[in-house]
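The block underneath contains the structure these notes are about, expressed in structure tokens.
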Amino acid sequence: MKLKTPLIAAMISASLAGTTAQAQRTAPFTVLETGQTYNRLADAVSAIGGNNATIVIAPGAYGDCAVQTAGRITYKASIPGQTVLDGGICEGKASLVLRGKAATIDGIIFQNQGVADGNGAGIRIERGDLYVHNAMFRNAEQGILSADDPSAEIVIDRSTFQRLGRCDRGLSCAHSIYIGDFGSLKVTNSRFEKGNGGHYVKSRAARATINNNSFDDTQGRTTNYMIDLPAGATGVISGNVFVQGQNKENWSAFIAIAAEGKDNSSAGLNIHSNSASLAKGVKRNTWFVADWSGDQLRIANNSLGQGLTRYQRR
């Protein structure tokens with residue numbers, strides 16, 4: 001009996017230790033630099049404060065949201081494509097509301113964001129740089145929505161935007177991506193498809209680089225332009241594949257330049273080496289580029305399908 005008592009005590013102690021370790025392991029949000037784990041994303045962001053750090057997120061679907069007001073934070077899925085921020089909304093805006101120095105998103109899925117004003121987004125970037133890699137945005141009102149920060153840049157690479165946008169209820173339209181007055185926008189190696197309204201990429205940034213993306217509007221519903229630069233922009237649009245579907249709110253162009261004003265110069269905007277066509281069975285005449293800027297654009301070496309005209313000044 002004397003031997004059993006310490007043995008049982010040791011077993012109980014080991015069991016408690018294991019339970020504690022398991023609780024630590026299952027807290028899904030880990031600050032990489034400290035090893036500290038949190039049950040709420042907002043708590044992890046708060047713990048970082050104005051520092052530079054990475055939050056590693058375990059696989060799973062989370063209704064969390066967070067507001068970043070300082071620092072440089074990376075939000076990283078521990079296994080890319082297995083972390084989902086599902087419908088959580090902060091400040092009536094987005095799952096992530098960002099106004100720190102910078103934020104990086106890596107391997108995360110955003111879905112099901114909706115708010116009363118129809119502008120629910122996976123990410124609302126209000127200030128600072130934003131870098132998005134290997135992410136997916138789907139089944140929401142908007143993927144990424146920004147305020148204005150002319151000193152900052154937004155870079156999106158290898159990401160997917162699916163079943164986004166809306167133009168209904170008498171509210172301002174939402175889009176797959178809508179960027180305000182930022183310094184620059186760069187979108188590369190990404191896919192846009194099955195839009196539910198609005199534009200696929202709308203950007204008021206002074207400089208735009210939109211290269212090597214796929215815009216598949218075949219299953220779009222009441223969509224508008226593939227790329228809309230409503231205030232004009234310099235930069236490059238190249239290597240993209242565009243397919244315009246049947247169900248359009250506005251099918252009059254694939255790319256629109258300065259349709260809402262000439263806040264930015266579009267001189268030298270280079271639109272080259274793209275492929276554009278109508279979806280199978282769609283028969284209409286439309287334009288590849290519609291231009292309100294009056295600036296000298298460079299449009300060359302684009303492969304255009306039947307029914308498309310290269311350029312129209314409006």
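For the structure tokens, the naming scheme is as follows: chains receive sequential letters (A, B, ...) according to their order of presentation, residues are indexed from 1 within each chain, and ligands are indexed from 1 in presentation order.
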
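Omitting Leu130 (chain A) and its sequence neighbours fewer than 6 positions away, and counting only C-alpha atoms, the residues within 8 Å are Ala102, Ala103, Thr104, Ile105, Glu153, Ile154 and Val155 of chain A.
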
Would you mind exporting the chosen residues as a CSV table (one decimal), in the first residue's frame, restricted to N, CA, C and O atoms?
chain,number,residue,atom,x,y,z
A,102,ALA,N,2.0,48.0,-40.4
A,102,ALA,CA,1.9,47.0,-41.5
A,102,ALA,C,1.3,45.7,-41.0
A,102,ALA,O,1.3,45.4,-39.8
A,103,ALA,N,0.7,45.0,-42.0
A,103,ALA,CA,0.2,43.7,-41.7
A,103,ALA,C,0.5,42.7,-42.9
A,103,ALA,O,0.4,43.2,-44.0
A,104,THR,N,0.8,41.5,-42.5
A,104,THR,CA,1.0,40.4,-43.5
A,104,THR,C,0.0,39.3,-43.3
A,104,THR,O,-0.2,38.9,-42.1
A,105,ILE,N,-0.7,38.8,-44.3
A,105,ILE,CA,-1.6,37.7,-44.2
A,105,ILE,C,-1.1,36.6,-45.0
A,105,ILE,O,-0.7,36.7,-46.2
A,153,GLU,N,1.5,50.9,-49.2
A,153,GLU,CA,1.3,50.0,-50.4
A,153,GLU,C,0.5,48.8,-50.0
A,153,GLU,O,0.5,48.4,-48.8
A,154,ILE,N,-0.1,48.2,-51.0
A,154,ILE,CA,-0.9,47.0,-50.8
A,154,ILE,C,-0.4,46.0,-51.9
A,154,ILE,O,-0.3,46.3,-53.1
A,155,VAL,N,0.0,44.8,-51.4
A,155,VAL,CA,0.6,43.8,-52.3
A,155,VAL,C,-0.2,42.5,-52.1
A,155,VAL,O,-0.3,42.0,-51.0

Out of region 107-295 of chain A, which residues get strand (DSSP E) from DSSP, as a ChimeraX atom specification?
/A:108-111,121-125,129-133,136-138,142-146,149-157,160-162,177-179,182-188,191-193,201-203,207-211,214-216,227-229,234-238,241-244,253-257,270-272,275-278,286-291

Using only C-alpha atoms, can you tell me which of A:Asp148, A:Asp43, A:Glu141, A:Glu126 comes closest to Ala66 (chain A)?
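Of A:Asp148, A:Asp43, A:Glu141, A:Glu126, the one nearest Ala66 (chain A) is A:Asp43, counting only C-alpha atoms.
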
Residues at most 12 Å from Tyr131 (chain A), counting only C-alpha atoms, excluding those fewer than 6 positions away in the same chain, as a count of residues only?
29

Residues of region 149-171 of chain A that have any atom at most 12 Å from an atom of region 248-252 of chain A: could you tabulate them with the shortest-distance atom pair and the distance in Å to one decimal, using only C-alpha atoms, ordered by chain and increasing number, as CSV?
residue,atom,partner,partner_atom,distance
A:Arg166,CA,A:Glu249,CA,10.8
A:Cys167,CA,A:Glu249,CA,9.1
A:Asp168,CA,A:Glu249,CA,11.3

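Residue nearest Lys283 (chain A) within the list A:Asn247, A:Ser238, A:Ser146, A:Thr54: A:Asn247 [criterion: smallest interatomic distance, only C-alpha atoms].
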
Of the candidates A:Ala300, A:Ala253, A:Ala233, A:Ala53, which shows the shortest atom-to-atom distance to Arg284 (chain A), using only C-alpha atoms?
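Among the listed residues, the smallest separation from Arg284 (chain A) belongs to A:Ala253.
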
Quick one: everything within 8 Å of Ala174 (chain A), counting only C-alpha atoms, minus sequence neighbours fewer than 3 positions away in the same chain. Send it as a PDB file with C-alpha atoms, in the first residue's frame.
ATOM      1  CA  GLY A 118     -23.304  45.997 -47.289  1.00  0.00           C
ATOM      2  CA  ASN A 119     -19.516  46.464 -47.059  1.00  0.00           C
ATOM      3  CA  GLU A 141     -19.722  41.196 -49.503  1.00  0.00           C
ATOM      4  CA  GLN A 142     -16.099  42.205 -50.137  1.00  0.00           C
ATOM      5  CA  GLY A 165     -19.297  41.816 -54.417  1.00  0.00           C
ATOM      6  CA  ARG A 166     -22.878  43.087 -54.499  1.00  0.00           C
ATOM      7  CA  CYS A 167     -24.975  45.919 -55.933  1.00  0.00           C
ATOM      8  CA  TYR A 178     -11.812  48.011 -53.484  1.00  0.00           C
ATOM      9  CA  GLY A 197     -21.839  42.215 -58.378  1.00  0.00           C
ATOM     10  CA  GLY A 198     -19.589  45.248 -58.613  1.00  0.00           C
ATOM     11  CA  HIS A 199     -16.073  45.100 -60.034  1.00  0.00           C
TER      12      HIS A 199
END
